[in-house]
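A.B. asks: Quick one: the structure is below, and I'll ask about it shortly.
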Number of protein chains: 2
Amino acid sequence: MPIELTASQALGLWHGVALDQVRHDDRDLTLRQMAILLHIYLVPPPHTVRGLAATLEVTKPVITRALDTMGEMGLVDRVRDDADRRSVIIKRTVGGALYLEKLGDLVRNQARRLPL
Amino acid sequence: MPIELTASQALGLWHGVALDQVRHDDRDLTLRQMAILLHIYLVPPPHTVRGLAATLEVTKPVITRALDTMGEMGLVDRVRDDADRRSVIIKRTVGGALYLEKLGDLVRNQARRLPL
DNA sequence: GGAAAATGAAACGTTAGCGTAACGATTTTC
DNA sequence: GAAAATCGTTACGCTAACGTTTCATTTTCC
């Protein structure tokens, strides 16, 4: 039984979440950064720069830069791959998990608040 | 009967939409721009710069710049208010309505695709 | 009518992301 | 082992958003 939303509900949900993020989240991730972060936490590892770049259909420097930024925010970590030392394995962090947990709650709360 | 999502569904939904946007939407609105656009189309008019600034808890130049950008994209329009000629009334456009319609479809499709 | 307030925009310098093109380090290929 | 390919990063110049301050215009208040 899939989840069915009306057009109004879908946009209302997006509106509520966007509004809340703008008001209260000072971290202010880009849409790309958000997509990368979610991908890292929702898709089974390992994650590499080239893998993320290919999946998101984006160039590698975009991934590198996003990891730089989110790394400083403590949302993500990087470790060299010992099997192939050219590669870098992207690791999850407690900070990142916490951040997405809050985001999930926000989405759920907004969904719950939607008019029928 | 409110809409209940699990944490996993909420994040999965966000993930799917973000991913799709990153891949296919070249317009690439900021989170703030997105919030402004949704607000203009989902909340009854009239909308003014100061009103949006107050609602989003953001400074006025943020609104002005976002309207500049989205105006050039054809998502939004501005008209001086004849009743109080200091104010500007923000108007919806066909382009903006179309854009949000597509976004709504995207959200709905992702919601429908969620694992139970 | 003149001072004060309010509105939206413009100006300023700063920051951060972008795409493209290189680069150093490693691994693969033959 | 030398040459080619691969991986992530850095460098370059550019664009756009940021916060703060200032501005011109218009309205409100005595």
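Residues are referred to by chain and number: the chain letter is A, B, ... according to the order shown in the structure tokens, the number counts from 1 in that chain, and ligands are numbered separately from 1 in the order shown.
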So that I can see what lies close to DG24 (chain C), please list as a list in words the residues with an atom at most 12 Å from it, counting only C-alpha atoms (C1' of nucleotides) and leaving out residues fewer than 2 positions away in the same chain.
C.D. replies: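 Final neighbour list, sorted by chain and number: Arg86 of chain A; DA22 and DT26 of chain C; DC7, DG8, DT9 and DT10 of chain D.
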A.B. asks: Mind listing the alpha helix (DSSP H) residues of chain B, per DSSP on the backbone, as a PyMOL selection string?
C.D. replies: chain B and resi 7-24+31-42+49-56+60-72+94-112
A.B. asks: Could those residues be written to a file, using C-alpha atoms, as a CSV table (one decimal), in the first residue's frame?
C.D. replies:
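Now in again04.csv:
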```
chain,number,residue,atom,x,y,z
B,7,ALA,CA,11.7,8.0,9.9
B,8,SER,CA,13.1,5.9,7.1
B,9,GLN,CA,10.2,6.9,4.7
B,10,ALA,CA,10.7,10.6,5.5
B,11,LEU,CA,14.4,10.5,4.7
B,12,GLY,CA,13.9,8.3,1.8
B,13,LEU,CA,11.4,10.7,0.3
B,14,TRP,CA,13.8,13.6,0.8
B,15,HIS,CA,16.5,11.6,-0.7
B,16,GLY,CA,14.6,10.7,-3.8
B,17,VAL,CA,13.4,14.2,-4.5
B,18,ALA,CA,16.8,15.8,-3.8
B,19,LEU,CA,18.5,13.2,-6.1
B,20,ASP,CA,16.0,13.8,-8.9
B,21,GLN,CA,16.4,17.6,-8.6
B,22,VAL,CA,20.2,17.4,-8.6
B,23,ARG,CA,20.1,15.2,-11.7
B,24,HIS,CA,17.5,16.9,-13.8
B,31,LEU,CA,16.6,26.6,-0.2
B,32,ARG,CA,15.6,30.1,0.6
B,33,GLN,CA,14.4,30.8,-2.9
B,34,MET,CA,12.4,27.6,-2.8
B,35,ALA,CA,10.8,28.6,0.5
B,36,ILE,CA,9.9,32.0,-0.9
B,37,LEU,CA,8.5,30.6,-4.1
B,38,LEU,CA,6.4,28.0,-2.3
B,39,HIS,CA,5.1,30.6,0.1
B,40,ILE,CA,4.0,32.9,-2.7
B,41,TYR,CA,2.1,30.2,-4.4
B,42,LEU,CA,0.6,28.4,-1.4
B,49,VAL,CA,8.9,42.1,0.4
B,50,ARG,CA,8.7,43.0,4.1
B,51,GLY,CA,5.9,40.5,4.7
B,52,LEU,CA,8.0,37.6,3.2
B,53,ALA,CA,11.1,38.8,5.1
B,54,ALA,CA,9.1,38.8,8.4
B,55,THR,CA,7.6,35.4,7.7
B,56,LEU,CA,10.8,33.7,6.7
B,60,LYS,CA,14.7,42.3,3.2
B,61,PRO,CA,17.7,42.2,0.8
B,62,VAL,CA,17.4,38.4,0.8
B,63,ILE,CA,13.9,38.7,-0.5
B,64,THR,CA,14.8,41.4,-3.0
B,65,ARG,CA,17.7,39.3,-4.4
B,66,ALA,CA,15.6,36.2,-4.6
B,67,LEU,CA,12.9,38.0,-6.5
B,68,ASP,CA,15.5,39.4,-8.9
B,69,THR,CA,16.8,35.9,-9.6
B,70,MET,CA,13.4,34.2,-9.8
B,71,GLY,CA,12.0,37.1,-11.8
B,72,GLU,CA,14.6,36.6,-14.5
B,94,VAL,CA,2.5,30.9,-15.4
B,95,GLY,CA,6.1,29.8,-15.4
B,96,GLY,CA,6.1,29.6,-11.6
B,97,ALA,CA,2.9,27.7,-11.4
B,98,LEU,CA,4.3,25.2,-14.0
B,99,TYR,CA,7.5,24.8,-12.1
B,100,LEU,CA,5.7,24.0,-8.8
B,101,GLU,CA,3.4,21.7,-10.6
B,102,LYS,CA,6.3,19.7,-11.7
B,103,LEU,CA,7.8,19.8,-8.2
B,104,GLY,CA,4.6,18.5,-6.8
B,105,ASP,CA,4.5,15.6,-9.3
B,106,LEU,CA,8.1,14.8,-8.4
B,107,VAL,CA,7.3,14.6,-4.7
B,108,ARG,CA,4.2,12.6,-5.3
B,109,ASN,CA,6.0,10.1,-7.5
B,110,GLN,CA,8.7,9.7,-4.9
B,111,ALA,CA,6.2,9.2,-2.2
B,112,ARG,CA,4.4,6.6,-4.2
```
A.B. asks: Hey, which of A:Asp84, A:Val58, A:Thr93, A:Pro2 ends up closest to DT28 (chain C)? Count only C-alpha atoms (C1' of nucleotides).
C.D. replies: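 Selected residue with least distance to DT28 (chain C): A:Asp84.
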A.B. asks: Compile the residues of chain C that lie within 9 Å of chain A, evaluated using only C-alpha atoms (C1' of nucleotides), and express the compilation as a ChimeraX atom specification.
C.D. replies: /C:17-19,25-27
A.B. asks: When DSSP works through the backbone of this structure, what residues of region 12-92 of chain A end up as strand (DSSP E or B), shown as a ChimeraX atom specification?
C.D. replies: /A:76-80,88-92
A.B. asks: Please compute the C1' of DT22 (chain D)-C1' of DA16 (chain C) distance, one decimal, in Å.
C.D. replies: 25.4 Å
A.B. asks: List as a tab-separated table every residue of chain D that is in contact with chain B, defined as an atom at most 10 Å from one of its atoms (using only C-alpha atoms (C1' of nucleotides)), together with the nearest atom pair and the distance in Å rounded to one decimal, sorted by chain and then rising number.
C.D. replies:
```
residue	atom	partner	partner_atom	distance
D:DA16	C1'	B:Thr69	CA	9.5
D:DA17	C1'	B:Arg65	CA	8.3
D:DC18	C1'	B:Val62	CA	8.3
D:DG19	C1'	B:Thr59	CA	8.7
D:DT25	C1'	B:Arg86	CA	6.9
D:DT26	C1'	B:Arg86	CA	5.4
D:DT27	C1'	B:Asp84	CA	7.7
```
A.B. asks: Kindly export the residues of the current selection with C-alpha atoms (C1' of nucleotides), as an mmCIF file, in the first residue's frame.
C.D. replies:
```
data_model
loop_
_atom_site.group_PDB
_atom_site.id
_atom_site.type_symbol
_atom_site.label_atom_id
_atom_site.label_comp_id
_atom_site.auth_asym_id
_atom_site.auth_seq_id
_atom_site.Cartn_x
_atom_site.Cartn_y
_atom_site.Cartn_z
ATOM 1 C "C1'" DA D 16 25.827 34.481 -7.212
ATOM 2 C "C1'" DA D 17 24.362 34.666 -2.638
ATOM 3 C "C1'" DC D 18 25.467 36.674 1.878
ATOM 4 C "C1'" DG D 19 25.098 40.617 5.786
ATOM 5 C "C1'" DT D 25 10.692 57.410 -2.534
ATOM 6 C "C1'" DT D 26 6.525 57.549 -0.251
ATOM 7 C "C1'" DT D 27 3.543 57.728 3.651
#
```
A.B. asks: Can you tell me, as a ChimeraX atom specification, what residues are no more than 9 Å from DT28 (chain D) when counting only C-alpha atoms (C1' of nucleotides), ignoring any on the same chain fewer than 4 positions away?
C.D. replies: /C:4-6
A.B. asks: Write out the residues from the selection above, keeping C-alpha atoms (C1' of nucleotides), as a PDB file, in the first residue's frame.
C.D. replies:
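File result38.pdb, as written:
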```
ATOM      1  C1'  DA C   4       9.844  60.928  11.377  1.00  0.00           C
ATOM      2  C1'  DA C   5       8.949  56.380   9.885  1.00  0.00           C
ATOM      3  C1'  DA C   6       8.525  52.819   6.490  1.00  0.00           C
TER       4       DA C   6
END
```
A.B. asks: As an exercise, work out the distance from C1' of DC29 (chain D) to C1' of DA3 (chain C) in Å and give it to one decimal place.
C.D. replies: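 Computing it gives 8.8 Å between the two atoms.
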